file start-v9.cif (mmCIF, C-alpha atoms)
data_data
#
loop_
_atom_site.group_PDB
_atom_site.id
_atom_site.type_symbol
_atom_site.label_atom_id
_atom_site.label_comp_id
_atom_site.auth_asym_id
_atom_site.auth_seq_id
_atom_site.Cartn_x
_atom_site.Cartn_y
_atom_site.Cartn_z
ATOM 1 C CA MET A 26 2.659 -0.370 -9.011
ATOM 2 C CA PHE A 27 2.407 -2.087 -12.366
ATOM 3 C CA GLY A 28 5.437 -3.007 -14.458
ATOM 4 C CA LYS A 29 5.043 -4.152 -18.070
ATOM 5 C CA PRO A 30 5.913 -7.816 -17.385
ATOM 6 C CA PHE A 31 3.081 -8.019 -14.881
ATOM 7 C CA VAL A 32 0.602 -6.329 -17.188
ATOM 8 C CA ARG A 33 1.313 -8.872 -19.931
ATOM 9 C CA THR A 34 0.507 -11.730 -17.576
ATOM 10 C CA LEU A 35 -2.677 -10.213 -16.198
ATOM 11 C CA ILE A 36 -5.464 -12.642 -17.038
ATOM 12 C CA SER A 37 -8.123 -12.157 -14.386
ATOM 13 C CA ARG A 38 -10.055 -8.894 -14.328
ATOM 14 C CA SER A 39 -13.158 -7.830 -12.411
ATOM 15 C CA ALA A 40 -15.228 -4.650 -12.752
ATOM 16 C CA GLU A 41 -14.308 -4.800 -16.419
ATOM 17 C CA ASN A 42 -17.579 -5.169 -18.300
ATOM 18 C CA ARG A 43 -19.229 -2.105 -19.814
ATOM 19 C CA THR A 44 -21.931 -1.898 -17.145
ATOM 20 C CA ASP A 45 -19.383 -1.877 -14.337
ATOM 21 C CA ARG A 46 -17.264 0.680 -16.166
ATOM 22 C CA ARG A 47 -20.183 3.060 -16.567
ATOM 23 C CA ARG A 48 -21.156 2.522 -12.920
ATOM 24 C CA PHE A 49 -17.561 3.194 -11.874
ATOM 25 C CA LEU A 50 -17.426 6.494 -13.769
ATOM 26 C CA LYS A 51 -20.865 7.581 -12.592
ATOM 27 C CA ALA A 52 -19.985 6.858 -8.964
ATOM 28 C CA ALA A 53 -16.816 8.909 -9.325
ATOM 29 C CA GLY A 54 -18.660 11.816 -10.939
ATOM 30 C CA ALA A 55 -16.486 11.625 -14.036
ATOM 31 C CA ALA A 56 -18.743 10.046 -16.662
ATOM 32 C CA GLY A 57 -19.259 13.281 -18.546
ATOM 33 C CA LEU A 58 -15.723 14.639 -18.442
ATOM 34 C CA GLY A 59 -14.641 13.147 -21.740
ATOM 35 C CA VAL A 60 -11.182 12.241 -20.469
ATOM 36 C CA VAL A 61 -11.374 8.472 -20.706
ATOM 37 C CA GLY A 62 -9.424 7.167 -23.675
ATOM 38 C CA ALA A 63 -10.325 4.405 -26.074
ATOM 39 C CA THR A 64 -8.103 1.984 -24.213
ATOM 40 C CA TYR A 65 -10.514 2.259 -21.289
ATOM 41 C CA LEU A 66 -13.965 2.215 -22.896
ATOM 42 C CA GLY A 67 -13.554 1.649 -26.603
ATOM 43 C CA VAL A 68 -14.204 -1.524 -28.555
ATOM 44 C CA GLN A 69 -11.361 -0.842 -30.963
ATOM 45 C CA ALA A 70 -8.769 -1.000 -28.220
ATOM 46 C CA THR A 71 -10.094 -4.374 -27.112
ATOM 47 C CA SER A 72 -10.045 -5.711 -30.641
ATOM 48 C CA SER A 73 -6.512 -4.467 -31.168
ATOM 49 C CA ALA A 74 -5.314 -6.169 -28.018
ATOM 50 C CA SER A 75 -6.924 -9.417 -29.097
ATOM 51 C CA ALA A 76 -5.374 -9.192 -32.543
ATOM 52 C CA THR A 77 -1.868 -8.818 -31.155
ATOM 53 C CA GLY A 78 -2.389 -11.587 -28.617
ATOM 54 C CA GLU A 79 -1.497 -9.291 -25.723
ATOM 55 C CA ALA A 80 -3.578 -8.942 -22.593
ATOM 56 C CA ALA A 81 -5.160 -5.518 -22.167
ATOM 57 C CA ALA A 82 -3.778 -3.278 -19.462
ATOM 58 C CA PRO A 83 -5.693 -3.235 -16.179
ATOM 59 C CA SER A 84 -8.528 -0.718 -16.031
ATOM 60 C CA ASP A 85 -8.507 2.315 -13.809
ATOM 61 C CA ALA A 86 -10.942 0.421 -11.568
ATOM 62 C CA ALA A 87 -8.452 -2.427 -11.208
ATOM 63 C CA VAL A 88 -5.621 0.000 -10.407
ATOM 64 C CA LEU A 89 -7.610 1.925 -7.816
ATOM 65 C CA ASN A 90 -8.953 -1.244 -6.224
ATOM 66 C CA PHE A 91 -5.413 -2.525 -5.785
ATOM 67 C CA ALA A 92 -4.555 0.762 -4.087
ATOM 68 C CA LEU A 93 -7.668 0.415 -1.915
ATOM 69 C CA ASN A 94 -6.394 -2.910 -0.540
ATOM 70 C CA LEU A 95 -3.195 -1.192 0.572
ATOM 71 C CA GLU A 96 -5.115 1.727 2.046
ATOM 72 C CA TYR A 97 -7.237 -0.690 4.081
ATOM 73 C CA LEU A 98 -4.031 -2.110 5.546
ATOM 74 C CA GLU A 99 -2.552 1.280 6.414
ATOM 75 C CA ALA A 100 -5.825 2.678 7.740
ATOM 76 C CA GLU A 101 -6.328 -0.309 10.038
ATOM 77 C CA PHE A 102 -2.765 -0.131 11.344
ATOM 78 C CA TYR A 103 -2.830 3.590 12.137
ATOM 79 C CA SER A 104 -6.417 3.587 13.425
ATOM 80 C CA PHE A 105 -5.617 0.883 15.947
ATOM 81 C CA ALA A 106 -2.364 2.595 16.942
ATOM 82 C CA VAL A 107 -4.035 5.950 17.568
ATOM 83 C CA HIS A 108 -7.617 5.125 18.542
ATOM 84 C CA GLY A 109 -7.472 1.498 19.650
ATOM 85 C CA ARG A 110 -10.053 0.480 17.053
ATOM 86 C CA GLY A 111 -10.173 -0.233 13.343
ATOM 87 C CA LEU A 112 -12.316 0.972 10.481
ATOM 88 C CA PRO A 113 -16.092 1.156 10.999
ATOM 89 C CA ASP A 114 -18.180 -1.521 9.309
ATOM 90 C CA ASP A 115 -19.588 0.896 6.734
ATOM 91 C CA LEU A 116 -16.086 1.332 5.281
ATOM 92 C CA THR A 117 -15.242 -2.350 4.860
ATOM 93 C CA GLY A 118 -17.859 -3.941 2.587
ATOM 94 C CA GLY A 119 -17.823 -4.331 -1.166
ATOM 95 C CA VAL A 120 -16.882 -6.739 -3.930
ATOM 96 C CA GLY A 121 -15.060 -9.918 -2.892
ATOM 97 C CA ALA A 122 -14.673 -11.745 0.396
ATOM 98 C CA GLN A 123 -14.797 -9.410 3.374
ATOM 99 C CA GLY A 124 -12.321 -10.299 6.102
ATOM 100 C CA GLY A 125 -11.623 -9.309 9.659
ATOM 101 C CA VAL A 126 -8.519 -7.889 11.300
ATOM 102 C CA VAL A 127 -6.281 -9.949 13.601
ATOM 103 C CA GLY A 128 -4.295 -7.974 16.166
ATOM 104 C CA GLY A 129 -4.164 -4.253 16.732
ATOM 105 C CA LYS A 130 -4.359 -2.092 19.846
ATOM 106 C CA LYS A 131 -3.717 1.449 20.982
ATOM 107 C CA VAL A 132 -0.098 2.559 21.322
ATOM 108 C CA MET A 133 0.806 4.310 24.552
ATOM 109 C CA PHE A 134 2.468 7.394 23.109
ATOM 110 C CA HIS A 135 4.688 9.445 25.416
ATOM 111 C CA ASP A 136 6.098 11.809 22.786
ATOM 112 C CA LYS A 137 3.347 14.376 22.172
ATOM 113 C CA THR A 138 4.775 15.362 18.810
ATOM 114 C CA LEU A 139 4.887 11.796 17.537
ATOM 115 C CA HIS A 140 1.345 11.261 18.812
ATOM 116 C CA GLN A 141 0.182 14.263 16.767
ATOM 117 C CA PHE A 142 1.986 12.925 13.695
ATOM 118 C CA ALA A 143 0.347 9.518 14.117
ATOM 119 C CA LYS A 144 -3.122 11.049 14.528
ATOM 120 C CA GLU A 145 -2.742 13.108 11.361
ATOM 121 C CA ILE A 146 -1.508 10.133 9.337
ATOM 122 C CA ALA A 147 -4.333 7.961 10.649
ATOM 123 C CA GLY A 148 -6.851 10.570 9.535
ATOM 124 C CA ASP A 149 -5.311 10.745 6.081
ATOM 125 C CA GLU A 150 -5.340 6.980 5.615
ATOM 126 C CA VAL A 151 -9.000 6.685 6.583
ATOM 127 C CA ALA A 152 -9.751 9.571 4.202
ATOM 128 C CA HIS A 153 -7.957 7.693 1.403
ATOM 129 C CA VAL A 154 -10.186 4.666 2.022
ATOM 130 C CA LYS A 155 -13.293 6.849 1.890
ATOM 131 C CA PHE A 156 -12.170 8.605 -1.272
ATOM 132 C CA LEU A 157 -11.265 5.456 -3.190
ATOM 133 C CA ARG A 158 -14.478 3.722 -2.145
ATOM 134 C CA GLY A 159 -16.453 6.753 -3.277
ATOM 135 C CA ALA A 160 -14.666 6.925 -6.617
ATOM 136 C CA LEU A 161 -15.129 3.220 -7.277
ATOM 137 C CA GLY A 162 -18.745 3.098 -6.131
ATOM 138 C CA GLU A 163 -20.275 -0.368 -6.448
ATOM 139 C CA ALA A 164 -17.042 -1.638 -7.989
ATOM 140 C CA ALA A 165 -15.080 -1.043 -4.753
ATOM 141 C CA VAL A 166 -13.605 -4.182 -3.235
ATOM 142 C CA SER A 167 -14.227 -5.077 0.376
ATOM 143 C CA ARG A 168 -11.540 -5.132 3.033
ATOM 144 C CA PRO A 169 -9.740 -8.483 2.822
ATOM 145 C CA GLU A 170 -8.579 -10.376 5.884
ATOM 146 C CA ILE A 171 -5.699 -8.485 7.493
ATOM 147 C CA ASP A 172 -3.115 -9.773 9.965
ATOM 148 C CA LEU A 173 -1.539 -7.125 12.197
ATOM 149 C CA LYS A 174 -0.063 -9.671 14.595
ATOM 150 C CA ASP A 175 1.841 -12.690 13.275
ATOM 151 C CA SER A 176 2.755 -10.883 10.055
ATOM 152 C CA PHE A 177 4.831 -8.310 11.906
ATOM 153 C CA THR A 178 6.647 -11.009 13.827
ATOM 154 C CA ALA A 179 7.434 -12.832 10.575
ATOM 155 C CA ALA A 180 8.656 -9.597 8.984
ATOM 156 C CA ALA A 181 10.812 -8.732 12.004
ATOM 157 C CA LYS A 182 12.370 -12.195 11.991
ATOM 158 C CA ALA A 183 13.074 -11.983 8.264
ATOM 159 C CA ALA A 184 14.732 -8.608 8.780
ATOM 160 C CA GLY A 185 16.815 -9.865 11.687
ATOM 161 C CA LEU A 186 15.268 -7.484 14.194
ATOM 162 C CA ILE A 187 14.358 -10.315 16.562
ATOM 163 C CA SER A 188 15.425 -13.902 17.129
ATOM 164 C CA GLU A 189 13.523 -16.980 16.002
ATOM 165 C CA TYR A 190 11.780 -17.361 19.357
ATOM 166 C CA GLN A 191 10.826 -13.725 19.940
ATOM 167 C CA GLN A 192 7.632 -11.865 19.076
ATOM 168 C CA PHE A 193 7.366 -8.383 17.571
ATOM 169 C CA ASP A 194 4.394 -6.318 18.712
ATOM 170 C CA PRO A 195 4.098 -3.179 16.549
ATOM 171 C CA PHE A 196 1.822 -1.591 19.140
ATOM 172 C CA ALA A 197 4.028 -2.232 22.167
ATOM 173 C CA GLY A 198 5.639 1.216 22.129
ATOM 174 C CA GLU A 199 6.816 4.127 20.045
ATOM 175 C CA LYS A 200 9.950 2.420 18.711
ATOM 176 C CA ASN A 201 8.081 -0.621 17.451
ATOM 177 C CA PHE A 202 5.317 1.564 16.040
ATOM 178 C CA LEU A 203 7.805 3.601 14.002
ATOM 179 C CA LEU A 204 9.581 0.531 12.636
ATOM 180 C CA ALA A 205 6.249 -1.010 11.643
ATOM 181 C CA ALA A 206 5.111 2.237 10.017
ATOM 182 C CA TYR A 207 8.408 2.428 8.131
ATOM 183 C CA LEU A 208 7.745 -1.003 6.644
ATOM 184 C CA PHE A 209 4.439 0.271 5.190
ATOM 185 C CA GLU A 210 5.114 3.856 4.225
ATOM 186 C CA ASP A 211 7.982 3.402 1.786
ATOM 187 C CA VAL A 212 6.090 0.583 0.071
ATOM 188 C CA GLY A 213 3.028 2.811 -0.317
ATOM 189 C CA VAL A 214 5.031 5.573 -1.973
ATOM 190 C CA THR A 215 6.677 3.237 -4.468
ATOM 191 C CA ALA A 216 3.311 1.596 -5.192
ATOM 192 C CA TYR A 217 1.640 4.868 -6.198
ATOM 193 C CA LYS A 218 4.727 5.925 -8.144
ATOM 194 C CA GLY A 219 4.510 2.716 -10.157
ATOM 195 C CA ALA A 220 0.741 3.071 -10.650
ATOM 196 C CA ALA A 221 0.638 6.508 -12.223
ATOM 197 C CA PRO A 222 1.555 5.521 -15.819
ATOM 198 C CA LEU A 223 -1.354 3.067 -16.019
ATOM 199 C CA ILE A 224 -4.157 5.401 -14.974
ATOM 200 C CA THR A 225 -5.902 6.674 -18.104
ATOM 201 C CA ASN A 226 -8.578 8.908 -16.576
ATOM 202 C CA LYS A 227 -7.042 12.317 -15.896
ATOM 203 C CA THR A 228 -9.343 12.973 -12.961
ATOM 204 C CA PHE A 229 -8.253 9.788 -11.227
ATOM 205 C CA LEU A 230 -4.616 10.362 -12.179
ATOM 206 C CA ASP A 231 -4.758 13.751 -10.493
ATOM 207 C CA ALA A 232 -6.258 12.157 -7.380
ATOM 208 C CA ALA A 233 -3.646 9.389 -7.348
ATOM 209 C CA ALA A 234 -0.902 12.001 -7.609
ATOM 210 C CA GLY A 235 -2.400 13.752 -4.598
ATOM 211 C CA ILE A 236 -2.461 10.540 -2.587
ATOM 212 C CA LEU A 237 1.133 9.829 -3.629
ATOM 213 C CA ALA A 238 2.139 13.248 -2.289
ATOM 214 C CA ALA A 239 0.385 12.542 1.013
ATOM 215 C CA GLU A 240 2.077 9.142 1.315
ATOM 216 C CA ALA A 241 5.453 10.742 0.594
ATOM 217 C CA TYR A 242 4.889 13.280 3.378
ATOM 218 C CA HIS A 243 3.963 10.428 5.717
ATOM 219 C CA ALA A 244 7.045 8.420 4.752
ATOM 220 C CA ALA A 245 9.342 11.404 5.282
ATOM 221 C CA THR A 246 7.803 12.000 8.701
ATOM 222 C CA ILE A 247 8.376 8.390 9.746
ATOM 223 C CA ARG A 248 11.916 8.337 8.326
ATOM 224 C CA THR A 249 12.765 11.576 10.148
ATOM 225 C CA SER A 250 11.340 10.246 13.421
ATOM 226 C CA LEU A 251 13.442 7.092 13.085
ATOM 227 C CA PHE A 252 16.557 9.153 12.355
ATOM 228 C CA ASP A 253 15.964 11.357 15.403
ATOM 229 C CA ARG A 254 15.858 8.216 17.552
ATOM 230 C CA ASP A 255 19.079 6.727 16.128
ATOM 231 C CA LEU A 256 17.228 3.766 14.632
ATOM 232 C CA GLY A 257 19.223 3.750 11.394
ATOM 233 C CA ASP A 258 20.537 0.203 11.867
ATOM 234 C CA ALA A 259 17.088 -1.262 12.451
ATOM 235 C CA ALA A 260 15.665 0.668 9.499
ATOM 236 C CA ALA A 261 18.481 -0.642 7.301
ATOM 237 C CA LYS A 262 17.529 -4.212 8.192
ATOM 238 C CA ILE A 263 13.934 -3.560 7.145
ATOM 239 C CA SER A 264 15.091 -1.950 3.918
ATOM 240 C CA ASN A 265 17.308 -4.943 3.132
ATOM 241 C CA ALA A 266 14.424 -7.305 3.843
ATOM 242 C CA ARG A 267 12.174 -5.427 1.407
ATOM 243 C CA ASP A 268 14.917 -5.620 -1.207
ATOM 244 C CA ALA A 269 15.228 -9.365 -0.647
ATOM 245 C CA LEU A 270 11.498 -9.821 -1.154
ATOM 246 C CA ASP A 271 10.776 -7.649 -4.174
ATOM 247 C CA GLY A 272 12.991 -9.284 -6.785
ATOM 248 C CA PRO A 273 16.263 -8.277 -8.432
ATOM 249 C CA GLY A 274 17.721 -4.836 -7.914
ATOM 250 C CA ASP A 275 18.691 -2.774 -4.915
ATOM 251 C CA GLY A 276 16.397 0.229 -5.136
ATOM 252 C CA ASP A 277 15.271 0.326 -1.520
ATOM 253 C CA GLN A 278 17.182 2.693 0.753
ATOM 254 C CA GLY A 279 17.436 2.998 4.493
ATOM 255 C CA ILE A 280 17.442 6.269 6.422
ATOM 256 C CA LEU A 281 21.224 6.566 6.423
ATOM 257 C CA LEU A 282 23.805 6.956 3.651
ATOM 258 C CA GLY A 283 27.097 6.537 5.429
ATOM 259 C CA ASN A 284 26.576 8.519 8.607
ATOM 260 C CA GLN A 285 24.337 11.099 6.967
ATOM 261 C CA ALA A 286 20.563 11.362 6.981
ATOM 262 C CA ASN A 287 18.766 9.907 3.978
ATOM 263 C CA ILE A 288 15.219 11.150 4.447
ATOM 264 C CA VAL A 289 14.378 11.038 0.730
ATOM 265 C CA PRO A 290 15.309 7.691 -0.898
ATOM 266 C CA ALA A 291 16.043 9.142 -4.333
ATOM 267 C CA ASP A 292 18.520 8.450 -7.140
ATOM 268 C CA ASN A 293 21.217 10.834 -8.375
ATOM 269 C CA ASN A 294 18.547 12.844 -10.186
ATOM 270 C CA GLY A 295 16.512 13.259 -7.024
ATOM 271 C CA ILE A 296 13.846 10.865 -8.354
ATOM 272 C CA CYS A 297 12.269 8.146 -6.232
ATOM 273 C CA PHE A 298 11.674 4.707 -7.735
ATOM 274 C CA GLY A 299 8.412 2.828 -8.163
ATOM 275 C CA ARG A 300 7.382 -0.798 -7.744
ATOM 276 C CA GLY A 301 5.123 -2.934 -9.896
ATOM 277 C CA ALA A 302 2.041 -4.379 -8.210
ATOM 278 C CA ASP A 303 3.522 -7.858 -8.276
ATOM 279 C CA ARG A 304 6.583 -6.633 -6.358
ATOM 280 C CA VAL A 305 4.466 -4.728 -3.869
ATOM 281 C CA LEU A 306 2.601 -7.979 -3.229
ATOM 282 C CA ASN A 307 5.899 -9.820 -2.711
ATOM 283 C CA ILE A 308 6.493 -7.513 0.240
ATOM 284 C CA VAL A 309 3.028 -7.497 1.807
ATOM 285 C CA TYR A 310 2.691 -11.268 1.290
ATOM 286 C CA LEU A 311 6.196 -11.628 2.823
ATOM 287 C CA ASN A 312 7.166 -14.039 0.066
ATOM 288 C CA PRO A 313 9.690 -13.588 -2.785
ATOM 289 C CA GLY A 314 7.896 -16.149 -4.940
ATOM 290 C CA PRO A 315 4.752 -16.076 -7.101
ATOM 291 C CA VAL A 316 1.912 -16.470 -4.599
ATOM 292 C CA LYS A 317 -1.571 -15.049 -4.101
ATOM 293 C CA GLU A 318 -1.770 -14.783 -0.325
ATOM 294 C CA GLY A 319 0.268 -14.560 2.856
ATOM 295 C CA GLY A 320 1.806 -12.141 5.302
ATOM 296 C CA PHE A 321 -0.407 -9.158 5.997
ATOM 297 C CA PHE A 322 -3.124 -10.568 3.699
ATOM 298 C CA PRO A 323 -3.482 -14.240 4.772
ATOM 299 C CA LYS A 324 -6.175 -14.896 2.155
ATOM 300 C CA GLY A 325 -4.881 -12.491 -0.457
ATOM 301 C CA VAL A 326 -6.151 -9.114 -1.617
ATOM 302 C CA ASN A 327 -9.463 -8.494 -3.342
ATOM 303 C CA GLY A 328 -9.869 -7.436 -6.953
ATOM 304 C CA ASP A 329 -8.142 -8.252 -10.197
ATOM 305 C CA ILE A 330 -4.513 -7.783 -9.220
ATOM 306 C CA VAL A 331 -3.698 -10.485 -6.701
ATOM 307 C CA ALA A 332 -0.496 -12.317 -7.704
ATOM 308 C CA SER A 333 3.027 -11.516 -6.534
ATOM 309 C CA GLY A 334 6.066 -11.777 -8.779
ATOM 310 C CA GLY A 335 8.608 -14.537 -9.154
ATOM 311 C CA ALA A 336 12.342 -14.557 -8.685
#
call {"tool": "encode", "arguments": {"input": "start-v9.cif", "output": "structure tokens"}}
result
Amino acid sequence: MFGKPFVRTLISRSAENRTDRRRFLKAAGAAGLGVVGATYLGVQATSSASATGEAAAPSDAAVLNFALNLEYLEAEFYSFAVHGRGLPDDLTGGVGAQGGVVGGKKVMFHDKTLHQFAKEIAGDEVAHVKFLRGALGEAAVSRPEIDLKDSFTAAAKAAGLISEYQQFDPFAGEKNFLLAAYLFEDVGVTAYKGAAPLITNKTFLDAAAGILAAEAYHAATIRTSLFDRDLGDAAAKISNARDALDGPGDGDQGILLGNQANIVPADNNGICFGRGADRVLNIVYLNPGPVKEGGFFPKGVNGDIVASGGA
């Protein structure tokens, strides 16, 4: 999630004073594990950063709170698709402005297998929200305002899936649901891949690795389902749109390479790429420029890490 250029420009941090740090560790049950390095709690690390004129790296709380914003988005999307309702109120409060959810309804699934897949993924995403909120304790950010309606139409237009005057309803049927899920899942995997190097607490790093594995399983399931339905061309348009939003480079891959399946978007070494937080925000804000709100988060995300990258 967090590339070095973004870390250097990070200037606004919450849950960063000593009291909040201790509360964060206590809530996560990790205060006595002795695995938090000096860069997280120590005064010397802070002094060193000040002496060199560089901004300190974001804390584990900041990293996990950024992930929590994304998990709110995924959990709301899948919960509505499967159950016709979003997260309960007791899973949405916290630090920062709490927002509502626009759009969302139950998908009429006809494929029993796909319905089972969607139910399992929905359960996982809600569990991720619960886990991260529990680990963060009182430092957990609240659910920001989320748009599951106009944002999808804007994304579909940008990808060339629909014309200027059409609407894209991600809950209208199985095809639309899969394309919408594909937009999220690959971004989630690259976000956790990019986050891992910045997590200093080994307990939380282990948990993040576990969530990354779950997201990768989800993404592979969605990619396979799209491939089975011959939706390679539509998926390619979404992949190209993500590439156009997240800055230079062409790391994003569709579900086809030539005429062959490309279920795992890996390089020649079989390694998947990661995205910095700023580039993840470019995609979910649906804006290639440096902004702090838009797209799926009309009023931005909550926490310390809120700005997208520039061109």
call {"tool": "residues_around", "arguments": {"input": "start-v9.cif", "residues": "Val107 of chain A", "least_positions_apart": "6", "cutoff": "7 Å", "atoms": "only C-alpha atoms", "output": "number ranges by chain"}}
result
A: 131-132, 143-144
call {"tool": "resolve_selection", "arguments": {"input": "start-v9.cif", "expression": "the PyMOL selection byres ((chain A and resi 166) around 7)", "output": "list in words"}}
result
Asn90, Gly119, Val120, Gly121, Ala164, Ala165, Ser167, Arg168, Asn327 and Gly328 of chain A
call {"tool": "atom_distance", "arguments": {"input": "start-v9.cif", "atom1": "atom CA of Ala259 of chain A", "atom2": "atom CA of Ile308 of chain A"}}
result
17.3 Å
call {"tool": "closest_residue", "arguments": {"input": "start-v9.cif", "among": "A:Asp275, A:Glu189, A:Thr225, A:Leu116", "to": "Gly159 of chain A", "atoms": "only C-alpha atoms"}}
result
A:Leu116
call {"tool": "atom_distance", "arguments": {"input": "start-v9.cif", "atom1": "atom CA of Ala87 of chain A", "atom2": "atom CA of Asp329 of chain A"}}
result
5.9 Å
call {"tool": "atom_distance", "arguments": {"input": "start-v9.cif", "atom1": "atom CA of Gly279 of chain A", "atom2": "atom CA of Val214 of chain A"}}
result
14.2 Å
call {"tool": "resolve_selection", "arguments": {"input": "start-v9.cif", "expression": "the PyMOL selection byres ((chain A and resi 139) around 12)", "output": "compact mmCIF listing (two decimals) with C-alpha atoms, keeping the file's coordinate frame"}}
result
# COMPACT_ATOMS: atom_id res chain seq x y z
CA ALA A 106 -2.36 2.60 16.94
CA VAL A 107 -4.04 5.95 17.57
CA VAL A 132 -0.10 2.56 21.32
CA MET A 133 0.81 4.31 24.55
CA PHE A 134 2.47 7.39 23.11
CA HIS A 135 4.69 9.44 25.42
CA ASP A 136 6.10 11.81 22.79
CA LYS A 137 3.35 14.38 22.17
CA THR A 138 4.78 15.36 18.81
CA HIS A 140 1.34 11.26 18.81
CA GLN A 141 0.18 14.26 16.77
CA PHE A 142 1.99 12.92 13.70
CA ALA A 143 0.35 9.52 14.12
CA LYS A 144 -3.12 11.05 14.53
CA GLU A 145 -2.74 13.11 11.36
CA ILE A 146 -1.51 10.13 9.34
CA GLY A 198 5.64 1.22 22.13
CA GLU A 199 6.82 4.13 20.05
CA LYS A 200 9.95 2.42 18.71
CA PHE A 202 5.32 1.56 16.04
CA LEU A 203 7.80 3.60 14.00
CA HIS A 243 3.96 10.43 5.72
CA THR A 246 7.80 12.00 8.70
CA ILE A 247 8.38 8.39 9.75
CA THR A 249 12.76 11.58 10.15
CA SER A 250 11.34 10.25 13.42
CA LEU A 251 13.44 7.09 13.08
CA ASP A 253 15.96 11.36 15.40
CA ARG A 254 15.86 8.22 17.55
call {"tool": "closest_residue", "arguments": {"input": "start-v9.cif", "among": "A:Leu204, A:Leu282, A:Leu95, A:Ile330", "to": "Leu256 of chain A", "atoms": "all atoms listed in the file"}}
result
A:Leu204
call {"tool": "residues_around", "arguments": {"input": "start-v9.cif", "residues": "Asp194 of chain A", "least_positions_apart": "3", "cutoff": "10 Å", "atoms": "only C-alpha atoms", "output": "list of chain:residue names"}}
result
A:Gly128, A:Gly129, A:Lys130, A:Leu173, A:Lys174, A:Asp175, A:Ser176, A:Phe177, A:Thr178, A:Ala181, A:Gln191, A:Ala197, A:Gly198, A:Asn201, A:Phe202, A:Ala205
call {"tool": "resolve_selection", "arguments": {"input": "start-v9.cif", "expression": "the PyMOL selection byres ((chain A and resi 309) around 8)", "output": "list in words"}}
result
Val305, Leu306, Asn307, Ile308, Tyr310, Leu311, Asn312, Gly319, Gly320, Phe321 and Phe322 of chain A
call {"tool": "axis_aligned_box", "arguments": {"input": "start-v9.cif", "around": "segment 249-267 of chain A", "padding_each_side": "5 Å", "output": "AutoDock Vina command-line options"}}
result
--center_x 15.9 --center_y 2.1 --center_z 9.5 --size_x 19.2 --size_y 28.9 --size_z 26.1
call {"tool": "build_atoms", "arguments": {"input": "start-v9.cif", "residues": "segment 83-87 of chain A", "atoms": "all heavy atoms", "output": "PDB file, in the coordinates of the input"}}
result
ATOM      1  N   PRO A  83      -4.628  -3.292 -17.181  1.00  0.00           N
ATOM      2  CA  PRO A  83      -5.693  -3.235 -16.179  1.00  0.00           C
ATOM      3  C   PRO A  83      -6.432  -1.910 -16.262  1.00  0.00           C
ATOM      4  O   PRO A  83      -5.847  -0.877 -16.569  1.00  0.00           O
ATOM      5  CB  PRO A  83      -4.942  -3.378 -14.854  1.00  0.00           C
ATOM      6  CG  PRO A  83      -3.553  -2.932 -15.152  1.00  0.00           C
ATOM      7  CD  PRO A  83      -3.289  -3.343 -16.558  1.00  0.00           C
ATOM      8  N   SER A  84      -7.725  -1.931 -15.996  1.00  0.00           N
ATOM      9  CA  SER A  84      -8.528  -0.718 -16.031  1.00  0.00           C
ATOM     10  C   SER A  84      -8.182   0.176 -14.856  1.00  0.00           C
ATOM     11  O   SER A  84      -7.520  -0.231 -13.900  1.00  0.00           O
ATOM     12  CB  SER A  84     -10.007  -1.086 -15.972  1.00  0.00           C
ATOM     13  OG  SER A  84     -10.323  -1.556 -14.669  1.00  0.00           O
ATOM     14  N   ASP A  85      -8.684   1.419 -14.940  1.00  0.00           N
ATOM     15  CA  ASP A  85      -8.507   2.315 -13.809  1.00  0.00           C
ATOM     16  C   ASP A  85      -9.158   1.740 -12.549  1.00  0.00           C
ATOM     17  O   ASP A  85      -8.655   1.919 -11.440  1.00  0.00           O
ATOM     18  CB  ASP A  85      -9.123   3.681 -14.120  1.00  0.00           C
ATOM     19  CG  ASP A  85      -8.312   4.462 -15.143  1.00  0.00           C
ATOM     20  OD1 ASP A  85      -7.282   3.938 -15.599  1.00  0.00           O
ATOM     21  OD2 ASP A  85      -8.706   5.591 -15.487  1.00  0.00           O
ATOM     22  N   ALA A  86     -10.284   1.043 -12.713  1.00  0.00           N
ATOM     23  CA  ALA A  86     -10.942   0.421 -11.568  1.00  0.00           C
ATOM     24  C   ALA A  86     -10.028  -0.603 -10.918  1.00  0.00           C
ATOM     25  O   ALA A  86      -9.940  -0.687  -9.688  1.00  0.00           O
ATOM     26  CB  ALA A  86     -12.253  -0.238 -12.007  1.00  0.00           C
ATOM     27  N   ALA A  87      -9.356  -1.415 -11.746  1.00  0.00           N
ATOM     28  CA  ALA A  87      -8.452  -2.427 -11.208  1.00  0.00           C
ATOM     29  C   ALA A  87      -7.293  -1.775 -10.460  1.00  0.00           C
ATOM     30  O   ALA A  87      -6.879  -2.242  -9.388  1.00  0.00           O
ATOM     31  CB  ALA A  87      -7.927  -3.312 -12.340  1.00  0.00           C
TER      32      ALA A  87
END
